[in-house]
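Here's the structure, in structure tokens; my notes come after.
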Amino acid sequence: MTTRETSPYRLDRALVWEGFKTLLPLSLFVIVFGIAFGLAAAQVGLGGLEIVLMSTLVFAGASQFAALELWGPQIPVFTLLVTVFAINARHLLMGATLYPWLEPLSPARRYGIMVVASDANWAMAMQAFGRGQPGLGLLLGGGIALWGFWVLGTWLGLHVGGAVQDPASLGLDMVMGCFLLAMVVGGEKNLRMLLIWAVAAGASLVAFYHLPENSHVVVGALAGGLVGLVWGKRE
């Protein structure tokens with residue numbers, strides 16, 4: 001193969017399609033949580049179009065569920081913003097670890113890929129990068145699969161949601177955690193990654209014991225993300 005064909009920066013339709021197929025099995029579990037969200041959102045009074053648009057434009061399951069907890073006649077906008085930011089702060093850390101491979105891309109392609117970045121396709125991409133293989137196809141193609149099935153699940157929740165009201169009672173909430181743990185164990189191992197995760201973990205622990213509730217998520221992500229940005233590109 002040529003250097004271009006084996007480059008970890010490579011991104012083409014074939015790689016995107018391969019990434020889509022790779023994340024397809026996990027995406028089937030995402031449908032279940034989409035159904036649960038669609039049902040829960042309908043129960044708090046949101047309309048069908050609003051619910052589907054939220055999943056389409058936001059694509060952040062945990063923060064969407066958290067937003068429903070704060071939904072009501074009088075919506076506490078500031079509290080809602082802080083809550084959503086805290087839950088999604090880990091994306092700062094994810095962006096820092098992806099920086100060496102995203103930086104050469106044009107801004108349009110870079111941010112277009114990050115729109116569908118989530119825990120699962122990020123973990124798969126980082127594992128591929130750790131082996132010196134192209135990972136952007138996994139990031140984009142896998143993200144499209146997860147996003148598409150999340151939206152599909154949300155739509156189904158409006159119609160057949162009563163069948164899956166509590167995914168956690170079926171043990172389905174453990175699927176993503178086990179998947180991510182497996183990816184971390186087999187992922188990239190170098191000094192940069194070790195330092196990023198060590199700083200993030202240490203900062204989170206300090207914040208967990210000494211700062212307000214849930215602030216450890218933001219503090220850990222910011223600390224790890226800052227290390228990743230300062231370190232910059234890999235040698």
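Every chain in the structure tokens has a letter given in the order shown (A, B, ...), and although residue numbers restart at 1 in each chain, ligands are simply numbered from 1 in the order shown.
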All residues 6 Å or closer to A:Gly135, only C-alpha atoms, same chain fewer than 5 positions away omitted, as a count of residues only: 3
Contacts of stretch 140-144 of chain A within 7 Å, only C-alpha atoms, excl. fewer than 2 positions in-chain, as a VMD selection string: chain A and resid 16 to 17 19 to 20 22 to 23 113 116 to 118 121 136 to 138 146 to 148
Those residues with N, CA, C and O atoms, as a PDB file, in the first residue's frame please?
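For reference, selection_16.pdb as written:
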ATOM      1  N   VAL A  16     -15.630   5.805   5.574  1.00  0.00           N
ATOM      2  CA  VAL A  16     -16.846   6.238   6.271  1.00  0.00           C
ATOM      3  C   VAL A  16     -17.874   5.106   6.295  1.00  0.00           C
ATOM      4  O   VAL A  16     -18.502   4.831   7.322  1.00  0.00           O
ATOM      5  N   TRP A  17     -18.029   4.421   5.177  1.00  0.00           N
ATOM      6  CA  TRP A  17     -18.969   3.298   5.102  1.00  0.00           C
ATOM      7  C   TRP A  17     -18.526   2.167   6.024  1.00  0.00           C
ATOM      8  O   TRP A  17     -19.349   1.539   6.689  1.00  0.00           O
ATOM      9  N   GLY A  19     -16.768   2.516   8.734  1.00  0.00           N
ATOM     10  CA  GLY A  19     -17.043   2.973  10.089  1.00  0.00           C
ATOM     11  C   GLY A  19     -18.500   2.829  10.454  1.00  0.00           C
ATOM     12  O   GLY A  19     -18.851   2.458  11.575  1.00  0.00           O
ATOM     13  N   PHE A  20     -19.366   3.117   9.499  1.00  0.00           N
ATOM     14  CA  PHE A  20     -20.814   2.968   9.715  1.00  0.00           C
ATOM     15  C   PHE A  20     -21.152   1.522  10.050  1.00  0.00           C
ATOM     16  O   PHE A  20     -21.874   1.237  11.012  1.00  0.00           O
ATOM     17  N   THR A  22     -19.159  -0.804  11.180  1.00  0.00           N
ATOM     18  CA  THR A  22     -18.520  -1.246  12.417  1.00  0.00           C
ATOM     19  C   THR A  22     -19.339  -0.882  13.647  1.00  0.00           C
ATOM     20  O   THR A  22     -19.453  -1.663  14.592  1.00  0.00           O
ATOM     21  N   LEU A  23     -19.928   0.308  13.649  1.00  0.00           N
ATOM     22  CA  LEU A  23     -20.714   0.760  14.800  1.00  0.00           C
ATOM     23  C   LEU A  23     -22.181   0.364  14.710  1.00  0.00           C
ATOM     24  O   LEU A  23     -22.953   0.627  15.646  1.00  0.00           O
ATOM     25  N   ILE A 113     -17.216  16.625  11.325  1.00  0.00           N
ATOM     26  CA  ILE A 113     -16.977  15.325  11.955  1.00  0.00           C
ATOM     27  C   ILE A 113     -17.337  15.367  13.432  1.00  0.00           C
ATOM     28  O   ILE A 113     -17.969  14.453  13.971  1.00  0.00           O
ATOM     29  N   VAL A 116     -20.958  14.704  15.068  1.00  0.00           N
ATOM     30  CA  VAL A 116     -21.471  13.369  15.389  1.00  0.00           C
ATOM     31  C   VAL A 116     -20.512  12.589  16.291  1.00  0.00           C
ATOM     32  O   VAL A 116     -20.631  11.376  16.431  1.00  0.00           O
ATOM     33  N   ALA A 117     -19.566  13.287  16.922  1.00  0.00           N
ATOM     34  CA  ALA A 117     -18.645  12.604  17.842  1.00  0.00           C
ATOM     35  C   ALA A 117     -19.368  12.230  19.131  1.00  0.00           C
ATOM     36  O   ALA A 117     -20.095  13.039  19.697  1.00  0.00           O
ATOM     37  N   SER A 118     -19.201  10.999  19.558  1.00  0.00           N
ATOM     38  CA  SER A 118     -19.775  10.538  20.819  1.00  0.00           C
ATOM     39  C   SER A 118     -18.795   9.552  21.447  1.00  0.00           C
ATOM     40  O   SER A 118     -17.734   9.270  20.881  1.00  0.00           O
ATOM     41  N   ASN A 121     -17.896   6.092  19.084  1.00  0.00           N
ATOM     42  CA  ASN A 121     -17.078   6.236  17.876  1.00  0.00           C
ATOM     43  C   ASN A 121     -15.759   6.930  18.172  1.00  0.00           C
ATOM     44  O   ASN A 121     -14.752   6.679  17.497  1.00  0.00           O
ATOM     45  N   LEU A 136     -10.498   8.352  11.163  1.00  0.00           N
ATOM     46  CA  LEU A 136     -11.501   9.376  10.905  1.00  0.00           C
ATOM     47  C   LEU A 136     -12.767   8.784  10.292  1.00  0.00           C
ATOM     48  O   LEU A 136     -13.868   9.289  10.511  1.00  0.00           O
ATOM     49  N   GLY A 137     -12.612   7.708   9.522  1.00  0.00           N
ATOM     50  CA  GLY A 137     -13.788   7.047   8.965  1.00  0.00           C
ATOM     51  C   GLY A 137     -14.654   6.438  10.046  1.00  0.00           C
ATOM     52  O   GLY A 137     -15.886   6.489   9.983  1.00  0.00           O
ATOM     53  N   LEU A 138     -14.010   5.859  11.059  1.00  0.00           N
ATOM     54  CA  LEU A 138     -14.750   5.323  12.203  1.00  0.00           C
ATOM     55  C   LEU A 138     -15.462   6.440  12.952  1.00  0.00           C
ATOM     56  O   LEU A 138     -16.599   6.291  13.388  1.00  0.00           O
ATOM     57  N   LEU A 146     -24.658   5.980  14.841  1.00  0.00           N
ATOM     58  CA  LEU A 146     -25.193   6.204  16.182  1.00  0.00           C
ATOM     59  C   LEU A 146     -26.245   7.315  16.181  1.00  0.00           C
ATOM     60  O   LEU A 146     -27.293   7.192  16.819  1.00  0.00           O
ATOM     61  N   TRP A 147     -25.940   8.394  15.473  1.00  0.00           N
ATOM     62  CA  TRP A 147     -26.886   9.520  15.396  1.00  0.00           C
ATOM     63  C   TRP A 147     -28.184   9.097  14.719  1.00  0.00           C
ATOM     64  O   TRP A 147     -29.281   9.389  15.210  1.00  0.00           O
ATOM     65  N   GLY A 148     -28.074   8.390  13.601  1.00  0.00           N
ATOM     66  CA  GLY A 148     -29.260   7.979  12.872  1.00  0.00           C
ATOM     67  C   GLY A 148     -30.173   7.069  13.673  1.00  0.00           C
ATOM     68  O   GLY A 148     -31.401   7.249  13.694  1.00  0.00           O
TER      69      GLY A 148
END
Non-local contacts of A:Gly34 (7 Å; only C-alpha atoms; under 6 positions in same chain excluded) as a PyMOL selection string: chain A and resi 150-151+153-154+157
Selected residues written out with N, CA, C and O atoms, as a PDB file, in the first residue's frame:
ATOM      1  N   TRP A 150     -30.222   6.840  16.960  1.00  0.00           N
ATOM      2  CA  TRP A 150     -30.742   7.596  18.108  1.00  0.00           C
ATOM      3  C   TRP A 150     -32.006   8.364  17.699  1.00  0.00           C
ATOM      4  O   TRP A 150     -33.006   8.362  18.418  1.00  0.00           O
ATOM      5  N   VAL A 151     -31.957   8.986  16.529  1.00  0.00           N
ATOM      6  CA  VAL A 151     -33.128   9.711  16.030  1.00  0.00           C
ATOM      7  C   VAL A 151     -34.262   8.733  15.726  1.00  0.00           C
ATOM      8  O   VAL A 151     -35.431   8.993  16.060  1.00  0.00           O
ATOM      9  N   GLY A 153     -34.773   5.801  17.106  1.00  0.00           N
ATOM     10  CA  GLY A 153     -35.308   5.333  18.380  1.00  0.00           C
ATOM     11  C   GLY A 153     -36.220   6.359  19.026  1.00  0.00           C
ATOM     12  O   GLY A 153     -37.265   6.014  19.582  1.00  0.00           O
ATOM     13  N   THR A 154     -35.820   7.633  18.943  1.00  0.00           N
ATOM     14  CA  THR A 154     -36.660   8.696  19.495  1.00  0.00           C
ATOM     15  C   THR A 154     -38.032   8.710  18.824  1.00  0.00           C
ATOM     16  O   THR A 154     -39.063   8.825  19.494  1.00  0.00           O
ATOM     17  N   GLY A 157     -40.087   5.901  19.960  1.00  0.00           N
ATOM     18  CA  GLY A 157     -40.560   6.101  21.321  1.00  0.00           C
ATOM     19  C   GLY A 157     -41.885   6.821  21.386  1.00  0.00           C
ATOM     20  O   GLY A 157     -42.660   6.646  22.333  1.00  0.00           O
TER      21      GLY A 157
END
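The residue that comes closest to A:Pro100, out of A:Phe85, A:Phe29, A:Tyr9, A:Tyr209 and on the basis of only C-alpha atoms, is A:Tyr9.
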Residue with smallest distance to A:Leu11 - pool A:Leu222, A:Met193, A:Leu102, A:Ala200, counting only C-alpha atoms: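 Of A:Leu222, A:Met193, A:Leu102, A:Ala200, the one nearest A:Leu11, counting only C-alpha atoms, is A:Leu102.
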Top pick for closest residue to A:Ile31, considering A:Val160, A:Leu226, A:Leu194, A:Ala96 and counting only C-alpha atoms: A:Val160
DSSP helix (DSSP H, G or I) residues within stretch 14-211 of chain A, listed as an MDAnalysis selection string: chainID A and resid 14:43 48:58 61:69 77:88 90:102 107:114 119:130 136:163 167:170 173:185 191:210
With C-alpha atoms retained, could you export that selection as a short mmCIF file (atom, residue, chain, number, x, y, z; two decimals), in the first residue's frame?
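Below is the file that was written, again.cif:
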data_model
loop_
_atom_site.label_atom_id
_atom_site.label_comp_id
_atom_site.auth_asym_id
_atom_site.auth_seq_id
_atom_site.Cartn_x
_atom_site.Cartn_y
_atom_site.Cartn_z
CA ALA A 14 -15.00 3.71 1.77
CA LEU A 15 -13.67 4.40 5.27
CA VAL A 16 -16.85 6.24 6.27
CA TRP A 17 -18.97 3.30 5.10
CA GLU A 18 -16.71 0.87 6.94
CA GLY A 19 -17.04 2.97 10.09
CA PHE A 20 -20.81 2.97 9.71
CA LYS A 21 -20.90 -0.83 9.49
CA THR A 22 -18.52 -1.25 12.42
CA LEU A 23 -20.71 0.76 14.80
CA LEU A 24 -23.96 -0.66 13.45
CA PRO A 25 -24.30 -3.47 16.06
CA LEU A 26 -23.87 -1.02 18.95
CA SER A 27 -26.29 1.38 17.31
CA LEU A 28 -29.06 -1.18 17.72
CA PHE A 29 -28.78 -0.76 21.50
CA VAL A 30 -28.93 3.01 21.03
CA ILE A 31 -32.40 2.56 19.53
CA VAL A 32 -33.65 1.26 22.88
CA PHE A 33 -32.50 4.36 24.73
CA GLY A 34 -33.92 6.54 21.96
CA ILE A 35 -37.29 4.87 22.51
CA ALA A 36 -37.05 5.56 26.24
CA PHE A 37 -36.20 9.21 25.58
CA GLY A 38 -39.04 9.66 23.09
CA LEU A 39 -41.51 8.27 25.62
CA ALA A 40 -40.14 10.35 28.51
CA ALA A 41 -40.15 13.55 26.43
CA ALA A 42 -43.77 12.98 25.41
CA GLN A 43 -44.74 12.48 29.06
CA GLY A 48 -43.61 15.02 18.52
CA LEU A 49 -41.77 17.40 16.17
CA GLU A 50 -39.96 19.07 19.08
CA ILE A 51 -38.83 15.72 20.44
CA VAL A 52 -37.45 14.45 17.14
CA LEU A 53 -35.76 17.80 16.45
CA MET A 54 -34.09 17.72 19.86
CA SER A 55 -32.52 14.34 19.15
CA THR A 56 -31.61 15.38 15.61
CA LEU A 57 -29.93 18.65 16.53
CA VAL A 58 -28.56 17.92 20.01
CA GLY A 61 -28.59 11.29 25.25
CA ALA A 62 -27.58 11.92 28.86
CA SER A 63 -27.98 15.70 28.66
CA GLN A 64 -31.32 15.34 26.85
CA PHE A 65 -32.65 13.17 29.69
CA ALA A 66 -31.30 15.72 32.19
CA ALA A 67 -33.07 18.53 30.33
CA LEU A 68 -36.36 16.68 30.72
CA GLU A 69 -35.89 16.69 34.50
CA VAL A 77 -32.58 28.44 31.45
CA PHE A 78 -29.31 29.13 33.31
CA THR A 79 -29.56 25.92 35.33
CA LEU A 80 -30.40 24.02 32.16
CA LEU A 81 -27.35 25.42 30.35
CA VAL A 82 -25.00 24.64 33.23
CA THR A 83 -26.36 21.12 33.59
CA VAL A 84 -26.02 20.32 29.89
CA PHE A 85 -22.52 21.80 29.80
CA ALA A 86 -21.44 19.77 32.82
CA ILE A 87 -22.68 16.50 31.34
CA ASN A 88 -21.09 17.17 27.96
CA ARG A 90 -16.09 15.33 28.49
CA HIS A 91 -16.21 16.38 24.83
CA LEU A 92 -13.49 18.94 25.65
CA LEU A 93 -11.24 16.05 26.60
CA MET A 94 -12.30 14.05 23.55
CA GLY A 95 -11.50 16.99 21.30
CA ALA A 96 -8.07 17.38 22.85
CA THR A 97 -7.18 13.74 22.24
CA LEU A 98 -8.40 13.96 18.63
CA TYR A 99 -6.59 17.23 17.89
CA PRO A 100 -3.49 15.73 16.21
CA TRP A 101 -5.64 14.04 13.53
CA LEU A 102 -8.29 16.75 13.10
CA PRO A 107 -12.55 23.82 9.54
CA ALA A 108 -15.69 22.66 7.69
CA ARG A 109 -14.59 19.01 7.67
CA ARG A 110 -13.18 19.19 11.19
CA TYR A 111 -16.32 20.53 12.83
CA GLY A 112 -18.56 18.48 10.57
CA ILE A 113 -16.98 15.33 11.95
CA MET A 114 -17.19 16.54 15.55
CA ASP A 119 -18.21 8.20 23.34
CA ALA A 120 -18.38 5.03 21.24
CA ASN A 121 -17.08 6.24 17.88
CA TRP A 122 -14.44 8.36 19.62
CA ALA A 123 -13.16 5.29 21.49
CA MET A 124 -13.08 3.21 18.30
CA ALA A 125 -11.26 5.98 16.40
CA MET A 126 -8.65 6.41 19.13
CA GLN A 127 -8.01 2.67 19.15
CA ALA A 128 -7.44 2.75 15.38
CA PHE A 129 -5.11 5.75 15.68
CA GLY A 130 -3.18 3.88 18.37
CA LEU A 136 -11.50 9.38 10.90
CA GLY A 137 -13.79 7.05 8.96
CA LEU A 138 -14.75 5.32 12.20
CA LEU A 139 -15.34 8.69 13.83
CA LEU A 140 -17.56 10.04 11.05
CA GLY A 141 -19.20 6.86 9.75
CA GLY A 142 -19.73 5.41 13.21
CA GLY A 143 -21.10 8.74 14.41
CA ILE A 144 -23.60 8.83 11.56
CA ALA A 145 -24.78 5.33 12.51
CA LEU A 146 -25.19 6.20 16.18
CA TRP A 147 -26.89 9.52 15.40
CA GLY A 148 -29.26 7.98 12.87
CA PHE A 149 -30.39 5.19 15.17
CA TRP A 150 -30.74 7.60 18.11
CA VAL A 151 -33.13 9.71 16.03
CA LEU A 152 -34.94 6.58 14.81
CA GLY A 153 -35.31 5.33 18.38
CA THR A 154 -36.66 8.70 19.49
CA TRP A 155 -39.29 8.58 16.76
CA LEU A 156 -40.23 5.02 17.68
CA GLY A 157 -40.56 6.10 21.32
CA LEU A 158 -43.43 8.35 20.33
CA HIS A 159 -45.31 5.37 18.95
CA VAL A 160 -44.16 2.18 20.74
CA GLY A 161 -42.39 3.65 23.77
CA GLY A 162 -44.55 1.81 26.27
CA ALA A 163 -42.70 -1.41 25.47
CA PRO A 167 -33.84 0.20 29.74
CA ALA A 168 -31.80 0.05 32.96
CA SER A 169 -34.13 -2.61 34.37
CA LEU A 170 -33.04 -4.86 31.50
CA ASP A 173 -27.44 0.67 30.60
CA MET A 174 -24.29 -1.42 31.09
CA VAL A 175 -23.73 -2.02 27.37
CA MET A 176 -22.05 1.30 26.61
CA GLY A 177 -19.94 1.23 29.77
CA CYS A 178 -18.60 -2.25 29.02
CA PHE A 179 -17.94 -1.29 25.40
CA LEU A 180 -15.96 1.83 26.38
CA LEU A 181 -13.96 -0.08 28.99
CA ALA A 182 -12.94 -2.61 26.37
CA MET A 183 -11.87 0.20 24.02
CA VAL A 184 -9.79 1.91 26.72
CA VAL A 185 -7.96 -1.30 27.62
CA LEU A 191 3.00 9.40 27.44
CA ARG A 192 0.66 12.07 26.02
CA MET A 193 -2.47 9.96 26.52
CA LEU A 194 -1.34 8.85 29.97
CA LEU A 195 -0.73 12.42 31.09
CA ILE A 196 -4.08 13.65 29.73
CA TRP A 197 -6.08 10.93 31.52
CA ALA A 198 -4.01 11.18 34.72
CA VAL A 199 -4.51 14.94 35.00
CA ALA A 200 -8.22 14.61 34.18
CA ALA A 201 -8.69 11.85 36.78
CA GLY A 202 -6.72 13.70 39.47
CA ALA A 203 -8.57 16.97 38.91
CA SER A 204 -11.91 15.15 38.95
CA LEU A 205 -11.14 13.48 42.28
CA VAL A 206 -10.12 16.76 43.89
CA ALA A 207 -13.27 18.46 42.60
CA PHE A 208 -15.46 15.54 43.66
CA TYR A 209 -14.41 15.92 47.30
CA HIS A 210 -13.99 19.70 47.54
#
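Between atom CA of A:Val44 and atom CA of A:Gln74 lies a distance of 12.7 Å.
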Atom CA of A:Gly47 to atom CA of A:Trp71, straight-line distance in Å: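 Interatomic distance here is 12.9 Å.
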